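Shown below: upload37.txt, with compact mmCIF, C-alpha atoms.
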# COMPACT_ATOMS: atom_id res chain seq x y z
CA MET A 1 73.85 96.51 79.64
CA GLU A 2 70.58 98.22 78.81
CA GLY A 3 68.32 99.16 81.72
CA LYS A 4 71.16 99.42 84.20
CA ARG A 5 74.21 99.79 82.02
CA GLY A 6 77.52 99.95 83.83
CA SER A 7 76.18 98.82 87.20
CA GLU A 8 76.65 95.11 86.54
CA CYS A 9 79.37 93.32 84.64
CA LEU A 10 78.66 89.87 83.20
CA LEU A 11 81.31 87.20 83.33
CA LYS A 12 81.47 84.01 81.30
CA SER A 13 81.29 80.66 83.01
CA VAL A 14 84.75 79.22 83.66
CA SER A 15 85.13 75.88 85.38
CA ASN A 16 87.18 75.30 88.50
CA ILE A 17 87.52 78.99 89.39
CA ASP A 18 86.63 80.32 92.81
CA PHE A 19 85.03 83.63 91.85
CA ASN A 20 84.98 86.56 94.20
CA PRO A 21 82.27 86.02 96.85
CA LYS A 22 80.61 89.26 95.69
CA THR A 23 79.70 87.73 92.34
CA ILE A 24 76.12 86.64 91.71
CA SER A 25 75.52 83.51 89.65
CA ALA A 26 72.54 81.97 87.89
CA ASP A 27 71.82 79.20 85.41
CA SER A 28 70.12 81.51 82.93
CA LEU A 29 70.00 85.15 81.91
CA THR A 30 66.41 85.43 83.08
CA ALA A 31 67.29 84.15 86.54
CA LEU A 32 70.34 86.40 86.71
CA ALA A 33 68.29 89.44 85.70
CA GLU A 34 65.89 88.76 88.55
CA LYS A 35 68.74 88.45 91.06
CA VAL A 36 70.38 91.71 90.06
CA ALA A 37 67.08 93.57 89.56
CA VAL A 38 67.40 94.47 85.87
CA PRO A 39 64.83 93.90 83.09
CA ALA A 40 65.27 90.35 81.78
CA GLU A 41 64.25 91.42 78.26
CA ASN A 42 66.95 94.09 78.15
CA LEU A 43 69.62 91.77 79.52
CA THR A 44 68.76 89.04 77.02
CA LYS A 45 68.76 91.57 74.18
CA THR A 46 72.12 93.00 75.25
CA ILE A 47 73.74 89.55 75.37
CA ALA A 48 72.28 88.67 71.98
CA GLN A 49 73.70 91.86 70.48
CA PHE A 50 77.08 91.16 72.04
CA ASN A 51 77.08 87.58 70.73
CA ASP A 52 76.32 88.88 67.24
CA SER A 53 79.27 91.29 67.51
CA ALA A 54 81.56 88.55 68.81
CA GLU A 55 80.61 86.14 66.02
CA SER A 56 80.87 88.74 63.26
CA GLY A 57 83.98 90.38 64.71
CA VAL A 58 82.42 93.82 64.30
CA ASP A 59 81.27 95.85 67.31
CA LEU A 60 79.10 98.66 66.00
CA ALA A 61 78.31 99.99 69.48
CA PHE A 62 81.79 100.42 70.95
CA ASP A 63 84.22 99.43 68.17
CA ARG A 64 85.70 96.75 70.41
CA ALA A 65 88.53 94.67 68.97
CA ALA A 66 87.34 91.33 67.57
CA ALA A 67 90.07 89.42 69.44
CA SER A 68 88.71 90.69 72.77
CA MET A 69 85.18 89.35 72.22
CA GLU A 70 83.91 85.82 72.76
CA ALA A 71 80.23 84.94 72.56
CA PHE A 72 78.41 83.78 75.69
CA ASP A 73 77.48 80.11 75.66
CA LYS A 74 74.51 78.45 77.34
CA GLY A 75 76.36 77.80 80.60
CA LYS A 76 76.16 79.50 83.96
CA VAL A 77 76.39 83.30 83.99
CA TYR A 78 77.73 85.67 86.60
CA ALA A 79 77.37 89.33 87.54
CA ILE A 80 79.34 91.61 89.82
CA LYS A 81 78.51 95.15 90.83
CA LEU A 82 80.87 97.84 89.57
CA ALA A 83 81.10 101.51 90.50
CA PRO A 84 83.16 104.49 89.33
CA ALA A 85 86.17 105.37 91.45
CA VAL A 86 88.51 108.33 91.75
CA LEU A 87 92.16 107.78 92.58
CA ASN A 88 94.56 110.68 92.62
CA THR A 89 96.59 112.88 94.93
CA GLN A 90 94.44 115.93 95.65
CA GLY A 91 94.87 119.03 97.74
CA GLY A 92 98.02 120.99 98.33
CA PRO A 93 98.88 124.68 98.13
CA GLU A 94 96.90 126.87 95.75
CA ARG A 95 98.90 128.64 93.05
CA ASN A 96 98.15 131.35 90.50
CA GLU A 97 98.98 131.64 86.79
CA ASN A 98 102.54 132.69 87.71
CA ALA A 99 103.04 129.48 89.73
CA GLU A 100 103.16 131.59 92.89
CA ILE A 101 101.84 129.84 96.00
CA LEU A 102 98.98 131.77 97.57
CA SER A 103 98.30 132.38 101.24
CA VAL A 104 94.93 131.59 102.79
CA ASN A 105 94.04 135.21 102.02
CA GLY A 106 94.74 134.69 98.31
CA ASP A 107 97.94 136.73 98.23
CA PRO A 108 101.18 135.43 96.66
CA ILE A 109 103.75 134.27 99.24
CA PRO A 110 107.10 135.83 98.30
CA HIS A 111 109.73 133.46 96.84
CA LEU A 112 107.42 130.44 97.03
CA TYR A 113 106.43 128.63 93.83
CA GLY A 114 104.77 125.35 92.99
CA ALA A 115 104.27 122.99 90.07
CA GLY A 116 102.85 119.60 89.22
CA GLU A 117 100.14 117.53 90.83
CA LEU A 118 100.53 119.01 94.33
CA GLY A 119 97.92 121.75 94.32
CA GLY A 120 97.06 120.91 90.72
CA ILE A 121 94.58 122.95 88.73
CA CYS A 122 92.26 119.95 88.22
CA THR A 123 90.75 118.41 91.36
CA ASN A 124 88.55 115.46 92.29
CA ARG A 125 89.34 113.45 89.17
CA TYR A 126 92.15 111.27 87.90
CA GLN A 127 93.94 113.12 85.13
CA GLY A 128 96.39 110.54 83.83
CA GLY A 129 98.90 112.38 81.66
CA GLY A 130 97.40 115.73 82.63
CA ASN A 131 99.64 115.83 85.69
CA LEU A 132 102.71 115.51 83.49
CA ALA A 133 101.59 118.58 81.59
CA GLU A 134 101.25 120.47 84.87
CA CYS A 135 104.76 119.43 85.87
CA LEU A 136 106.23 120.63 82.58
CA ILE A 137 104.25 123.82 82.10
CA PHE A 138 104.14 125.09 85.68
CA GLY A 139 107.66 123.81 86.30
CA LYS A 140 108.90 126.10 83.52
CA ILE A 141 106.80 129.03 84.76
CA ALA A 142 107.91 128.51 88.36
CA GLY A 143 111.56 128.20 87.40
CA GLU A 144 111.54 131.35 85.28
CA ASN A 145 109.75 133.43 87.91
CA ALA A 146 111.87 132.12 90.77
CA ALA A 147 115.02 133.10 88.86
CA LYS A 148 113.90 136.71 88.32
CA GLN A 149 115.55 139.42 90.39
CA LYS A 150 113.14 140.67 93.04
CA GLU A 151 113.00 142.48 96.34
CA ASN A 152 114.20 140.51 99.31
CA HIS A 153 111.49 139.60 101.78
CA GLN A 154 112.65 138.46 105.17
CA SER A 155 109.35 136.93 106.16
CA ALA A 156 105.77 136.48 105.12
CA GLU A 157 102.85 136.01 107.45
CA VAL A 158 100.74 132.97 106.67
CA GLU A 159 97.59 132.31 108.61
CA LYS A 160 97.74 128.94 110.38
CA PRO A 161 95.11 126.41 109.21
CA LEU A 162 92.29 125.66 111.59
CA GLN A 163 93.42 122.04 112.00
CA SER A 164 96.23 119.74 111.03
CA ILE A 165 95.74 116.97 108.49
CA ASN A 166 96.69 114.50 111.21
CA ASP A 167 95.08 113.75 114.53
CA LEU A 168 98.51 113.06 115.98
CA VAL A 169 100.33 116.11 117.27
CA ASP A 170 102.76 117.22 114.56
CA GLY A 171 106.10 115.55 115.07
CA GLU A 172 104.84 113.11 117.72
CA ARG A 173 106.50 109.71 117.58
CA ILE A 174 104.62 106.45 117.32
CA ASP A 175 106.21 105.18 120.51
CA ASN A 176 104.80 108.16 122.40
CA ILE A 177 101.19 107.17 121.74
CA LYS A 178 99.40 106.46 125.00
CA LEU A 179 98.00 102.95 125.30
CA GLY A 180 95.44 101.72 127.79
CA PRO A 181 94.67 98.12 128.74
CA ASP A 182 94.35 95.83 125.68
CA GLN A 183 95.27 98.63 123.28
CA TYR A 184 97.77 98.18 120.46
CA VAL A 185 99.20 100.38 117.70
CA GLY A 186 99.22 99.35 114.05
CA THR A 187 100.78 101.22 111.14
CA THR A 188 101.02 100.98 107.38
CA GLU A 189 102.49 103.05 104.55
CA ALA A 190 99.95 101.70 102.06
CA GLY A 191 97.44 104.55 102.24
CA ILE A 192 96.79 106.77 99.23
CA GLY A 193 98.45 109.56 101.19
CA GLY A 194 101.05 107.33 102.82
CA LYS A 195 101.12 106.49 106.51
CA ILE A 196 98.06 105.42 108.47
CA VAL A 197 98.29 104.84 112.23
CA VAL A 198 95.57 103.15 114.26
CA ARG A 199 95.05 102.31 117.91
CA VAL A 200 93.07 99.10 118.34
CA THR A 201 91.41 97.88 121.50
CA TYR A 202 91.49 94.09 121.23
CA LYS A 203 90.55 91.53 123.86
CA ASP A 204 89.36 87.93 123.88
CA ALA A 205 89.77 87.70 120.09
CA THR A 206 87.36 90.63 119.72
CA ILE A 207 87.93 94.01 118.10
CA LYS A 208 86.50 96.39 120.71
CA ASN A 209 87.47 99.69 119.11
CA VAL A 210 89.51 101.12 116.21
CA GLU A 211 90.82 104.70 116.33
CA VAL A 212 92.60 106.28 113.36
CA LEU A 213 95.33 108.47 114.83
CA GLU A 214 97.02 109.55 111.62
CA SER A 215 96.05 109.55 107.97
CA HIS A 216 96.59 111.58 104.82
CA GLU A 217 93.79 110.27 102.61
CA THR A 218 92.09 112.23 99.83
CA GLU A 219 89.22 114.44 100.94
CA GLY A 220 85.84 113.32 99.66
CA ILE A 221 86.75 109.65 99.23
CA GLY A 222 89.54 108.24 101.37
CA ALA A 223 88.89 110.66 104.20
CA VAL A 224 85.24 109.63 104.27
CA ALA A 225 86.21 105.96 104.39
CA ILE A 226 88.61 106.69 107.26
CA LYS A 227 85.61 107.80 109.32
CA GLU A 228 83.26 104.99 108.27
CA ILE A 229 85.33 101.81 108.01
CA PRO A 230 86.67 101.47 111.62
CA SER A 231 83.17 101.06 113.05
CA LYS A 232 82.48 98.36 110.45
CA PHE A 233 85.56 96.46 111.61
CA VAL A 234 84.24 96.60 115.17
CA GLU A 235 80.67 95.67 114.26
CA ALA A 236 81.73 92.66 112.17
CA ASN A 237 84.71 91.78 114.40
CA THR A 238 86.77 91.34 111.24
CA THR A 239 88.64 93.48 108.74
CA ASP A 240 86.92 91.72 105.86
CA VAL A 241 84.08 94.17 105.29
CA ASP A 242 82.46 96.03 102.39
CA VAL A 243 83.69 99.56 101.81
CA SER A 244 82.53 102.84 100.32
CA SER A 245 82.68 103.09 96.53
CA GLY A 246 86.11 104.20 95.34
CA ALA A 247 87.79 103.62 98.69
CA SER A 248 89.31 100.20 98.08
CA SER A 249 92.90 101.38 98.54
CA THR A 250 92.09 103.13 101.81
CA ASN A 251 90.24 100.05 103.03
CA ARG A 252 93.19 97.79 102.25
CA ALA A 253 95.54 100.13 104.09
CA LEU A 254 93.26 100.36 107.13
CA LYS A 255 92.87 96.60 107.12
CA GLU A 256 96.64 96.15 107.10
CA ALA A 257 97.14 98.63 109.95
CA VAL A 258 94.45 97.00 112.12
CA GLU A 259 95.78 93.52 111.40
CA ASN A 260 99.28 94.67 112.35
CA ALA A 261 97.89 95.91 115.67
CA ILE A 262 96.16 92.58 116.26
CA LYS A 263 99.40 90.74 115.53
CA SER A 264 101.01 92.76 118.30
CA ALA A 265 98.24 91.69 120.64
CA ASN A 266 98.78 88.04 119.80
CA LYS A 267 102.50 88.01 120.39

Could you render the structure from this file as structure tokens?
Amino acid sequence: MEGKRGSECLLKSVSNIDFNPKTISADSLTALAEKVAVPAENLTKTIAQFNDSAESGVDLAFDRAAASMEAFDKGKVYAIKLAPAVLNTQGGPERNENAEILSVNGDPIPHLYGAGELGGICTNRYQGGGNLAECLIFGKIAGENAAKQKENHQSAEVEKPLQSINDLVDGERIDNIKLGPDQYVGTTEAGIGGKIVVRVTYKDATIKNVEVLESHETEGIGAVAIKEIPSKFVEANTTDVDVSSGASSTNRALKEAVENAIKSANK
């Protein structure tokens, strides 16, 4: 869409469908343009160009397949906001060109090698098949170097990180979590990094507080959502809230964990 391309996605009118509540509808392109704050002239021109491509079966702009295009009719039109998202396992031990895992001081740790997506060479973006290449290439390098004869090292000093990835004490069991009045624990394995544990204060059908005790979400996206979303649950007194761009998976996992805690309260 010209003027604000990529920020809104138009949907054709389909009868008897309950569209997502986040969609915006209008009876005309001009009215829709006003609602989503884009130039009406540009929106109308974009739709006209698309209709021409759909009717001719030739998309000169994006080479889209003719079978995937259908011209807009004169019915109701819809828009929904879209945003780019990043979804991938990030972080992990840093390695060098020999697949040797490095200490926090940048020195190779004897006899320790790594390969694949964990500690991958590309960060903060989804690589698709790129991770497979890392598995194959660094797997071969790691295997060859690990098999080489070398001096025996009994130990290697590694500086302890400043903080653990979890707020829970390492190794602490869920059933050891301290609970005050009207507090309940909820867990899920649906996070991007796996387990998420929350402690929810819930009374009189009201979410009083949500504390995330354990999570392994990706820094920069999921980890940010972990800090922001709990307060939104409390403010709205529901888990059905808007989330940060790109953090849908983390939001769903947090929602599940909180709802599991509330189920415990209602037993």

Hey, which of A:Ser56, A:Val104, A:Thr23, A:Val197 ends up closest to A:Leu82? Count only C-alpha atoms.
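Checking each candidate against A:Leu82, we get A:Thr23 as the closest.
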
Neighbouring residues of A:Lys255 were defined as those with any atom within 7 Å, considering all atoms listed in the file; residues of the same chain fewer than 4 positions away were excluded. Please report them as number ranges by chain. A: 239, 251, 259

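If you look at atom CA of A:Thr188 and atom CA of A:Val234, they are 19.0 Å away from each other.
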
Notebook entry, point to check: atom CA of A:Lys203 to atom CA of A:Asp182: how many Å, to one decimal?
Noted result: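 So the two atoms, atom CA of A:Lys203 and atom CA of A:Asp182, lie 6.0 Å apart.
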
Practice prompt. Please tell me which residues are no farther than 9 Å from (106.9, 135.7, 96.2) in the file, counting only C-alpha atoms, and write them as an NGL selection string.
Written response: :A and (100-102 or 108-113 or 146 or 150 or 153)

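Near A:Ala61, within 12 Å and counting all atoms listed in the file, sit Met1, Thr46, Gln49, Phe50, Asp52, Ser53 and Ala54 of chain A; same-chain residues fewer than 6 positions away were not included.
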
Shortest interatomic distance to A:Glu134 - which of A:Ala247, A:Gly120, A:Gln149, A:Phe72, counting all atoms listed in the file
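Using all atoms listed in the file, A:Glu134 sits closest to A:Gly120.
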
The distance between atom CA of A:Ala48 and atom CA of A:Ile24 is 20.2 Å

Centre and edge lengths of an axis-aligned box around all listed atoms of stretch 94-107 of chain A, with 3 Å added on each side, are to be given in Å to one decimal, as JSON.
{"center_x": 98.6, "center_y": 131.8, "center_z": 94.8, "size_x": 15.1, "size_y": 15.9, "size_z": 22.0}

Pick out the residues sitting within 9 Å of A:Ala66, and hand them over as a list of chain:residue names; count all atoms listed in the file, and ignore anything fewer than 3 positions along from it in its own chain.
->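 My reading of the contact set: A:Ser53, A:Ala54, A:Glu55, A:Ser56, A:Gly57, A:Val58, A:Asp59, A:Asp63, A:Met69, A:Glu70.
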
Closest of A:Phe233, A:Thr238, A:Ala33, A:Ile221 to A:Lys45 - atom-to-atom distances counting only C-alpha atoms =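 Comparing A:Phe233, A:Thr238, A:Ala33, A:Ile221 against A:Lys45, the winner is A:Ala33.
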